[in-house]
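Peer 1: Okay, handing you the structure first.
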Amino acid sequence: MHIRKQRLLTPGPTPLYPPALHAMMASDIHHRTEDFRKVYKQALTDLKDVMGTSNDVLCFAASGTGAMDAAVSNLFSRGDQVIVCSAGKFGERWAEIAKAYGLDAKVLTSEYGSVVSPERVAAALNEQTRTRGVFLQACETSTGAEHDVKAIAGLVAKTDAILVVDAITGFGTMPLEIDAWGLDVVVTGSQKSFMIPPGLAFMSVSPKAWAHGATSDLPHYYFNLKKEKKSADAGESSWTPATSLILALGEALKYVKHIGIGNLVENAQQLACATRRAVSALGLELFAAEHPGSAVTAVRAPKGMDSGVIVKGFRTQFGSIITNGQGSMKGQIFRIAHLGYFDFTDLFGLIAGLELILHANKIPVKFGTGVAALQEFYAAAQEASAAGRPSSCSRAGQGCGTGWSQCRTGRCAEVLEAVTA
Ligand SMILES: *Cc1c(COP(=O)(O)O)cnc(C)c1O
């Protein structure tokens with residue numbers, strides 16, 4: 001018998017930050033009091049701060065999809081031409097929401113594991129000159145792939161359309177310069193990089209997006225951006241807020257501000273880069289090899305093996321919850337998350353467990369191969385940082401020039417080693 005600590009290692013909900021969890025116990029508080037208004041105002045201020053924007057930031061008692069829904073129902077009108085970049089299950093969700101509200105959506109699909117290129121968006125914008133909005137995922141959590149948000153934003157900024165970014169897992173795992181890049185609407189959710197339980201959705205709204213909303217004719221009631229903004233300015237939410245989650249959020253944001261949003265992103269990017277290196281060393285194939293994001297790494301199960309066996313192995317042998325593929329990817333891939341409150345100790349254990357599970361299923365594994373790849377990466381990154389050298393190869397002016405987030409196979413780590421040698 002072994003003790004199996006339960007570990008939630010999924011790309012949402014993510015591991016919880018303990019002080020945030022403890023803060024939730026103070027939720028015997030009324031939301032229309034000065035005490036709560038203080039907490040709520042501070043949370044919104046800190047949220048704006050970590051999102052790094054001067055745009056309005058709103059908070060809803062909903063999962064992330066609630067804010068996606070709100071963006072459509074408040075900022076568009078029936079029959080509006082829009083472009084949806086769909087690279088996976090969450091891109092499909094944008095298309096479904098657009099359809100539910102009667103928008104005229106041109107859906108640019110890409111194969112699972114790949115992304116919609118800026119060139120395709122440019123062509124669609126040229127073709128559809130009355131486009132009112134472009135929707136995409138910063139990181140498509142179902143495949144692990146990452147869109148080129150900056151390039152697409154640059155294209156959209158030149159038009160009358162607004163860019164609506166589902167950054168629910170992109171936030172905290174990749175640079176997202178909301179103001180500088182012109183990201184009109186950015187949606188995120190509490191159970192991802194924010195390290196707290198599900199139930200809150202956040203959304204930033206640019207002046208251009210507000211102007212779009214002024215002429216919107218779609219029905220909405222609970223999710224009313226204008227009303228929510230007015231409430232927020234008064235330190236309140238329109239309806240009863242999820243007080244316990246707001247208390248948790250306050251604590252988590254304090255932590256994120258303390259470590260710095262840049263370091264939160266780099267943490268995820270380093271974990272992702274190290275993971276790509278480890279699974280490649282084990283002879284496994286990456287699912288989104290061309291544009292890997294840093295929120296989650298999707299890995300193909302070895303030939304002839306159902307990825308559900310790996311997911312189940314983690315649960316039954318190690319008490320760890322990891323995720324299978326969604327939809328048609330189920331059984332093909334498993335996903336290793338990096339966003340929010342994940343650290344290298346989590347990853348060391350996870351890769352060691354993966355080696356054991358593969359071995360138990362007759363996949364040839366030399367024990368320690370994946371773990372060694374992580375250790376080498378970690379040691380090199382530590383040395384580089386101790387020597388005051390830039391810890392990402394793109395900043396060192398070497399390597400593939402993309403940094404941890406796009407580093408294909410761990411070349412960043414090789415460059416690091418060369419730099420530190
Ligand atoms: C988690 C997630 C969502 C939101 O899902 P909810 O279950 O509504 O919180 C949306 N998009 C992406 C990319 C996600 O990862």
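Residue numbering restarts at 1 for every chain of the structure tokens, chains are lettered A, B, ... in their displayed order, and ligands are numbered from 1 as they appear.
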Residues within 6 Å of ligand 1 (only C-alpha atoms and all ligand atoms), as a PyMOL selection string?

Peer 2: chain A and resi 12+63-65+90+137+139-141+166+168-169

Peer 1: Excluding Ser86 in chain A and any residue of its chain fewer than 6 positions from it, enumerate the residues within 7 Å of it, using only C-alpha atoms, and give them as a list in words.

Peer 2: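 Listed by chain and then number, they are Glu92, Val107, Leu108, Thr109, Ser110 and Leu136 of chain A.
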
Peer 1: Given only C-alpha atoms as the basis, pick out the residue of A:Ser204, A:Ser307, A:Thr275, A:Thr131 nearest to Gly349 in chain A.

Peer 2: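 Ranking A:Ser204, A:Ser307, A:Thr275, A:Thr131 by distance to Gly349 in chain A, first place goes to A:Thr275.
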
Peer 1: Find the residues around Val50 in chain A up to 7 Å (only C-alpha atoms counted), leave out those fewer than 4 positions away in its own chain, and share them as a VMD selection string.

Peer 2: chain A and resid 46 257 261

Peer 1: I'd like the neighbourhood of Lys303 in chain A as a PyMOL selection string, where a residue qualifies if any of its atoms comes within 12 Å (using only C-alpha atoms), though same-chain residues fewer than 2 positions away should be ignored.

Peer 2: chain A and resi 283-285+299-301+305-307+331-333+358+361-363

Peer 1: Store the residues picked out above, limited to N, CA and C atoms, as a CSV table (one decimal), in the first residue's frame.

Peer 2:
chain,number,residue,atom,x,y,z
A,283,GLY,N,10.7,9.4,-26.3
A,283,GLY,CA,10.3,8.9,-27.6
A,283,GLY,C,8.8,9.2,-27.9
A,284,LEU,N,8.2,10.0,-27.2
A,284,LEU,CA,6.7,10.4,-27.4
A,284,LEU,C,6.7,11.6,-28.4
A,285,GLU,N,5.5,11.6,-29.0
A,285,GLU,CA,5.3,12.7,-30.0
A,285,GLU,C,4.5,13.8,-29.4
A,299,VAL,N,0.3,15.4,-25.6
A,299,VAL,CA,1.3,14.4,-26.0
A,299,VAL,C,0.5,13.2,-26.6
A,300,ARG,N,1.0,12.7,-27.7
A,300,ARG,CA,0.3,11.5,-28.3
A,300,ARG,C,0.7,10.3,-27.5
A,301,ALA,N,-0.3,9.5,-27.3
A,301,ALA,CA,0.0,8.2,-26.6
A,301,ALA,C,0.9,7.3,-27.6
A,305,MET,N,-1.6,2.4,-28.1
A,305,MET,CA,-2.0,2.5,-26.7
A,305,MET,C,-3.1,3.6,-26.6
A,306,ASP,N,-4.1,3.4,-25.8
A,306,ASP,CA,-5.1,4.4,-25.6
A,306,ASP,C,-4.6,5.3,-24.5
A,307,SER,N,-4.7,6.6,-24.8
A,307,SER,CA,-4.2,7.6,-23.8
A,307,SER,C,-5.0,7.5,-22.5
A,331,GLY,N,-8.5,9.5,-26.2
A,331,GLY,CA,-7.9,8.2,-26.5
A,331,GLY,C,-6.6,8.4,-27.3
A,332,GLN,N,-6.4,9.5,-27.9
A,332,GLN,CA,-5.2,9.8,-28.8
A,332,GLN,C,-4.1,10.5,-28.0
A,333,ILE,N,-4.5,11.4,-27.2
A,333,ILE,CA,-3.5,12.3,-26.5
A,333,ILE,C,-3.8,12.4,-25.0
A,358,LEU,N,4.2,3.9,-18.5
A,358,LEU,CA,4.5,3.3,-19.8
A,358,LEU,C,5.2,2.0,-19.7
A,361,ASN,N,2.9,-0.8,-19.1
A,361,ASN,CA,2.1,-1.1,-20.2
A,361,ASN,C,3.0,-1.6,-21.4
A,362,LYS,N,4.1,-2.1,-21.0
A,362,LYS,CA,5.0,-2.8,-22.0
A,362,LYS,C,5.6,-1.9,-23.1
A,363,ILE,N,5.6,-0.6,-22.7
A,363,ILE,CA,6.3,0.4,-23.7
A,363,ILE,C,7.7,0.4,-23.2

Peer 1: Excluding range 14-22 of chain A and any residue of its chain fewer than 6 positions from it, enumerate the residues within 10 Å of it, using only C-alpha atoms, and give them as a tab-separated table (two decimals) with N, CA, C and O atoms, in the first residue's frame.

Peer 2:
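Resulting contents of out24.tsv:
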chain	number	residue	atom	x	y	z
A	7	ARG	N	-3.69	14.89	-6.42
A	7	ARG	CA	-3.13	16.08	-7.08
A	7	ARG	C	-3.94	16.39	-8.33
A	7	ARG	O	-4.12	15.53	-9.18
A	8	LEU	N	-4.37	17.64	-8.38
A	8	LEU	CA	-5.14	18.10	-9.53
A	8	LEU	C	-4.15	18.71	-10.50
A	8	LEU	O	-3.61	19.79	-10.25
A	190	SER	N	-11.23	32.12	-13.49
A	190	SER	CA	-10.57	31.92	-12.20
A	190	SER	C	-9.84	30.60	-12.04
A	190	SER	O	-8.84	30.52	-11.34
A	191	GLN	N	-10.34	29.55	-12.69
A	191	GLN	CA	-9.78	28.22	-12.42
A	191	GLN	C	-8.57	27.87	-13.26
A	191	GLN	O	-8.19	26.73	-13.37
A	192	LYS	N	-7.98	28.89	-13.91
A	192	LYS	CA	-6.81	28.62	-14.75
A	192	LYS	C	-5.58	29.22	-14.09
A	192	LYS	O	-5.23	28.81	-13.01
A	193	SER	N	-4.95	30.24	-14.70
A	193	SER	CA	-3.72	30.76	-14.10
A	193	SER	C	-3.95	31.48	-12.76
A	193	SER	O	-2.99	31.82	-12.08
A	194	PHE	N	-5.20	31.73	-12.40
A	194	PHE	CA	-5.47	32.47	-11.16
A	194	PHE	C	-5.40	31.60	-9.92
A	194	PHE	O	-5.53	32.09	-8.80
A	195	MET	N	-5.27	30.29	-10.09
A	195	MET	CA	-4.98	29.37	-8.96
A	195	MET	C	-6.12	29.27	-7.95
A	195	MET	O	-5.88	28.93	-6.79
A	196	ILE	N	-7.33	29.61	-8.33
A	196	ILE	CA	-8.47	29.50	-7.42
A	196	ILE	C	-9.55	28.64	-8.09
A	196	ILE	O	-9.45	28.33	-9.26
A	197	PRO	N	-10.59	28.25	-7.36
A	197	PRO	CA	-11.58	27.35	-7.95
A	197	PRO	C	-12.39	28.00	-9.09
A	197	PRO	O	-12.37	29.22	-9.26
A	198	PRO	N	-13.12	27.19	-9.84
A	198	PRO	CA	-13.95	27.72	-10.92
A	198	PRO	C	-15.07	28.60	-10.38
A	198	PRO	O	-15.48	28.44	-9.22
A	244	SER	N	-17.04	34.21	-1.75
A	244	SER	CA	-15.90	33.38	-1.32
A	244	SER	C	-14.80	33.40	-2.38
A	244	SER	O	-13.61	33.45	-2.06
A	245	LEU	N	-15.20	33.39	-3.63
A	245	LEU	CA	-14.21	33.39	-4.71
A	245	LEU	C	-13.51	34.74	-4.84
A	245	LEU	O	-12.34	34.83	-5.20
A	246	ILE	N	-14.26	35.81	-4.56
A	246	ILE	CA	-13.64	37.14	-4.62
A	246	ILE	C	-12.56	37.26	-3.53
A	246	ILE	O	-11.49	37.82	-3.76
A	247	LEU	N	-12.86	36.69	-2.37
A	247	LEU	CA	-11.86	36.71	-1.30
A	247	LEU	C	-10.63	35.92	-1.72
A	247	LEU	O	-9.49	36.33	-1.50
A	248	ALA	N	-10.85	34.77	-2.34
A	248	ALA	CA	-9.74	33.95	-2.82
A	248	ALA	C	-8.95	34.70	-3.89
A	248	ALA	O	-7.72	34.72	-3.88
A	249	LEU	N	-9.69	35.34	-4.79
A	249	LEU	CA	-9.05	36.07	-5.89
A	249	LEU	C	-8.12	37.15	-5.34
A	249	LEU	O	-6.99	37.31	-5.82
A	250	GLY	N	-8.60	37.88	-4.33
A	250	GLY	CA	-7.79	38.95	-3.73
A	250	GLY	C	-6.44	38.41	-3.27
A	250	GLY	O	-5.38	39.01	-3.52
A	251	GLU	N	-6.48	37.26	-2.62
A	251	GLU	CA	-5.25	36.65	-2.09
A	251	GLU	C	-4.34	36.17	-3.23
A	251	GLU	O	-3.13	36.38	-3.21
A	252	ALA	N	-4.94	35.54	-4.22
A	252	ALA	CA	-4.16	35.02	-5.35
A	252	ALA	C	-3.51	36.16	-6.13
A	252	ALA	O	-2.36	36.07	-6.55
A	253	LEU	N	-4.26	37.25	-6.31
A	253	LEU	CA	-3.71	38.38	-7.07
A	253	LEU	C	-2.54	39.03	-6.33
A	253	LEU	O	-1.57	39.48	-6.95
A	254	LYS	N	-2.65	39.04	-5.01
A	254	LYS	CA	-1.54	39.57	-4.19
A	254	LYS	C	-0.27	38.76	-4.51
A	254	LYS	O	0.82	39.30	-4.68
A	255	TYR	N	-0.46	37.45	-4.58
A	255	TYR	CA	0.67	36.55	-4.86
A	255	TYR	C	1.23	36.79	-6.26
A	255	TYR	O	2.44	36.90	-6.45
A	337	ALA	N	-0.46	19.90	-17.77
A	337	ALA	CA	-0.71	21.34	-17.59
A	337	ALA	C	0.45	22.05	-16.90
A	337	ALA	O	1.22	21.43	-16.14
A	338	HIS	N	0.57	23.35	-17.17
A	338	HIS	CA	1.67	24.15	-16.61
A	338	HIS	C	1.20	25.48	-16.04
A	338	HIS	O	1.99	26.26	-15.53
A	339	LEU	N	-0.08	25.80	-16.17
A	339	LEU	CA	-0.53	27.17	-15.88
A	339	LEU	C	-0.89	27.38	-14.42
A	339	LEU	O	-1.57	26.55	-13.83
A	340	GLY	N	-0.44	28.50	-13.89
A	340	GLY	CA	-0.79	28.83	-12.52
A	340	GLY	C	0.16	28.21	-11.51
A	340	GLY	O	1.37	28.31	-11.66
A	341	TYR	N	-0.42	27.54	-10.51
A	341	TYR	CA	0.36	27.09	-9.36
A	341	TYR	C	0.97	25.71	-9.59
A	341	TYR	O	0.67	24.75	-8.88
A	342	PHE	N	1.78	25.60	-10.63
A	342	PHE	CA	2.52	24.36	-10.93
A	342	PHE	C	4.00	24.64	-10.70
A	342	PHE	O	4.47	25.74	-11.00

Peer 1: Can you work out which one of A:Ala180, A:Val121, A:Ala242, A:Val39 has the shortest atom-to-atom distance to Ile152 in chain A, counting only C-alpha atoms?

Peer 2: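 Using only C-alpha atoms, the shortest distance to Ile152 in chain A belongs to A:Val121.
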
Peer 1: Apply DSSP to the structure's backbone, then extract all residues of range 19-268 of chain A labelled helix (DSSP H, G or I) and return them as a ChimeraX atom specification.

Peer 2: /A:19-26,34-51,64-75,89-100,118-127,149-157,178-181,207-214,225-233,243-259,261-268

Peer 1: Take the residues from that selection and put them in a file with C-alpha atoms, as an mmCIF file, in the first residue's frame.

Peer 2:
data_model
loop_
_atom_site.group_PDB
_atom_site.id
_atom_site.type_symbol
_atom_site.label_atom_id
_atom_site.label_comp_id
_atom_site.auth_asym_id
_atom_site.auth_seq_id
_atom_site.Cartn_x
_atom_site.Cartn_y
_atom_site.Cartn_z
ATOM 1 C CA PRO A 19 -3.628 31.146 1.182
ATOM 2 C CA ALA A 20 -6.389 31.859 -1.364
ATOM 3 C CA LEU A 21 -8.229 28.786 -0.213
ATOM 4 C CA HIS A 22 -7.912 29.871 3.419
ATOM 5 C CA ALA A 23 -9.212 33.349 2.574
ATOM 6 C CA MET A 24 -12.467 31.767 1.432
ATOM 7 C CA MET A 25 -13.293 30.900 5.026
ATOM 8 C CA ALA A 26 -13.993 34.565 5.742
ATOM 9 C CA GLU A 34 -18.208 48.824 2.973
ATOM 10 C CA ASP A 35 -16.031 45.892 4.070
ATOM 11 C CA PHE A 36 -16.845 43.915 0.976
ATOM 12 C CA ARG A 37 -16.745 46.914 -1.353
ATOM 13 C CA LYS A 38 -13.170 47.457 -0.234
ATOM 14 C CA VAL A 39 -12.235 43.871 -1.050
ATOM 15 C CA TYR A 40 -14.026 43.952 -4.406
ATOM 16 C CA LYS A 41 -12.508 47.271 -5.487
ATOM 17 C CA GLN A 42 -9.027 46.077 -4.585
ATOM 18 C CA ALA A 43 -9.544 42.827 -6.483
ATOM 19 C CA LEU A 44 -10.649 44.696 -9.612
ATOM 20 C CA THR A 45 -7.718 47.102 -9.332
ATOM 21 C CA ASP A 46 -5.239 44.244 -8.932
ATOM 22 C CA LEU A 47 -6.880 42.365 -11.777
ATOM 23 C CA LYS A 48 -6.387 45.345 -14.087
ATOM 24 C CA ASP A 49 -2.838 45.566 -12.858
ATOM 25 C CA VAL A 50 -1.910 41.924 -13.557
ATOM 26 C CA MET A 51 -3.737 41.995 -16.886
ATOM 27 C CA GLY A 64 -15.177 31.325 -18.527
ATOM 28 C CA THR A 65 -17.844 30.505 -21.069
ATOM 29 C CA GLY A 66 -20.147 33.017 -19.368
ATOM 30 C CA ALA A 67 -17.821 35.853 -20.334
ATOM 31 C CA MET A 68 -17.469 34.450 -23.879
ATOM 32 C CA ASP A 69 -21.261 34.498 -24.136
ATOM 33 C CA ALA A 70 -21.386 38.020 -22.672
ATOM 34 C CA ALA A 71 -18.878 39.317 -25.220
ATOM 35 C CA VAL A 72 -21.079 38.174 -28.082
ATOM 36 C CA SER A 73 -24.460 39.172 -26.645
ATOM 37 C CA ASN A 74 -23.325 42.661 -25.581
ATOM 38 C CA LEU A 75 -21.042 43.762 -28.392
ATOM 39 C CA LYS A 89 -12.904 22.412 -29.072
ATOM 40 C CA PHE A 90 -12.807 25.965 -27.705
ATOM 41 C CA GLY A 91 -12.674 27.536 -31.154
ATOM 42 C CA GLU A 92 -15.745 25.463 -31.944
ATOM 43 C CA ARG A 93 -17.348 27.008 -28.868
ATOM 44 C CA TRP A 94 -16.895 30.514 -30.328
ATOM 45 C CA ALA A 95 -18.560 29.316 -33.514
ATOM 46 C CA GLU A 96 -21.452 27.818 -31.526
ATOM 47 C CA ILE A 97 -22.001 30.977 -29.477
ATOM 48 C CA ALA A 98 -21.900 33.130 -32.626
ATOM 49 C CA LYS A 99 -24.451 30.831 -34.217
ATOM 50 C CA ALA A 100 -26.679 30.814 -31.140
ATOM 51 C CA PRO A 118 -2.402 35.357 -39.607
ATOM 52 C CA GLU A 119 -2.278 35.043 -43.422
ATOM 53 C CA ARG A 120 -5.627 33.267 -43.461
ATOM 54 C CA VAL A 121 -7.133 35.905 -41.200
ATOM 55 C CA ALA A 122 -5.755 38.642 -43.471
ATOM 56 C CA ALA A 123 -7.298 36.970 -46.518
ATOM 57 C CA ALA A 124 -10.665 36.589 -44.777
ATOM 58 C CA LEU A 125 -10.615 40.228 -43.684
ATOM 59 C CA ASN A 126 -9.880 41.300 -47.263
ATOM 60 C CA GLU A 127 -12.697 39.207 -48.573
ATOM 61 C CA VAL A 149 -2.273 36.803 -31.156
ATOM 62 C CA LYS A 150 -0.020 39.795 -31.779
ATOM 63 C CA ALA A 151 0.091 39.346 -35.562
ATOM 64 C CA ILE A 152 -3.662 38.778 -35.825
ATOM 65 C CA ALA A 153 -4.350 41.767 -33.579
ATOM 66 C CA GLY A 154 -2.228 43.918 -35.888
ATOM 67 C CA LEU A 155 -4.455 42.951 -38.820
ATOM 68 C CA VAL A 156 -7.716 43.504 -36.976
ATOM 69 C CA ALA A 157 -6.609 46.862 -35.574
ATOM 70 C CA ILE A 178 -3.714 44.131 -24.248
ATOM 71 C CA ASP A 179 -3.239 47.846 -24.862
ATOM 72 C CA ALA A 180 -0.137 47.821 -27.074
ATOM 73 C CA TRP A 181 -1.415 45.051 -29.361
ATOM 74 C CA PRO A 207 -13.034 51.799 -25.959
ATOM 75 C CA LYS A 208 -13.420 50.394 -29.505
ATOM 76 C CA ALA A 209 -15.320 47.419 -28.093
ATOM 77 C CA TRP A 210 -17.575 49.704 -26.027
ATOM 78 C CA ALA A 211 -18.365 51.671 -29.182
ATOM 79 C CA HIS A 212 -19.382 48.418 -30.897
ATOM 80 C CA GLY A 213 -21.572 47.577 -27.937
ATOM 81 C CA ALA A 214 -23.442 50.864 -28.204
ATOM 82 C CA LEU A 225 -21.538 44.858 -19.547
ATOM 83 C CA LYS A 226 -22.728 48.447 -19.197
ATOM 84 C CA LYS A 227 -24.581 47.705 -15.988
ATOM 85 C CA GLU A 228 -21.631 45.709 -14.677
ATOM 86 C CA LYS A 229 -19.236 48.559 -15.408
ATOM 87 C CA LYS A 230 -21.469 50.997 -13.547
ATOM 88 C CA SER A 231 -21.647 48.634 -10.586
ATOM 89 C CA ALA A 232 -17.908 48.010 -10.648
ATOM 90 C CA ASP A 233 -17.184 51.736 -10.577
ATOM 91 C CA THR A 243 -18.049 36.353 -2.307
ATOM 92 C CA SER A 244 -15.900 33.382 -1.319
ATOM 93 C CA LEU A 245 -14.206 33.392 -4.712
ATOM 94 C CA ILE A 246 -13.640 37.137 -4.622
ATOM 95 C CA LEU A 247 -11.864 36.709 -1.298
ATOM 96 C CA ALA A 248 -9.736 33.951 -2.815
ATOM 97 C CA LEU A 249 -9.054 36.073 -5.886
ATOM 98 C CA GLY A 250 -7.790 38.946 -3.729
ATOM 99 C CA GLU A 251 -5.252 36.653 -2.090
ATOM 100 C CA ALA A 252 -4.156 35.020 -5.350
ATOM 101 C CA LEU A 253 -3.707 38.382 -7.073
ATOM 102 C CA LYS A 254 -1.538 39.568 -4.193
ATOM 103 C CA TYR A 255 0.670 36.555 -4.855
ATOM 104 C CA VAL A 256 0.785 37.090 -8.618
ATOM 105 C CA LYS A 257 1.694 40.732 -8.083
ATOM 106 C CA HIS A 258 4.366 39.669 -5.618
ATOM 107 C CA ILE A 259 6.069 37.248 -8.006
ATOM 108 C CA ILE A 261 3.150 38.501 -13.992
ATOM 109 C CA GLY A 262 6.257 38.133 -16.179
ATOM 110 C CA ASN A 263 7.604 35.474 -13.857
ATOM 111 C CA LEU A 264 4.274 33.661 -13.751
ATOM 112 C CA VAL A 265 4.404 33.483 -17.542
ATOM 113 C CA GLU A 266 8.035 32.404 -17.539
ATOM 114 C CA ASN A 267 7.275 29.701 -14.976
ATOM 115 C CA ALA A 268 4.668 28.163 -17.273
#
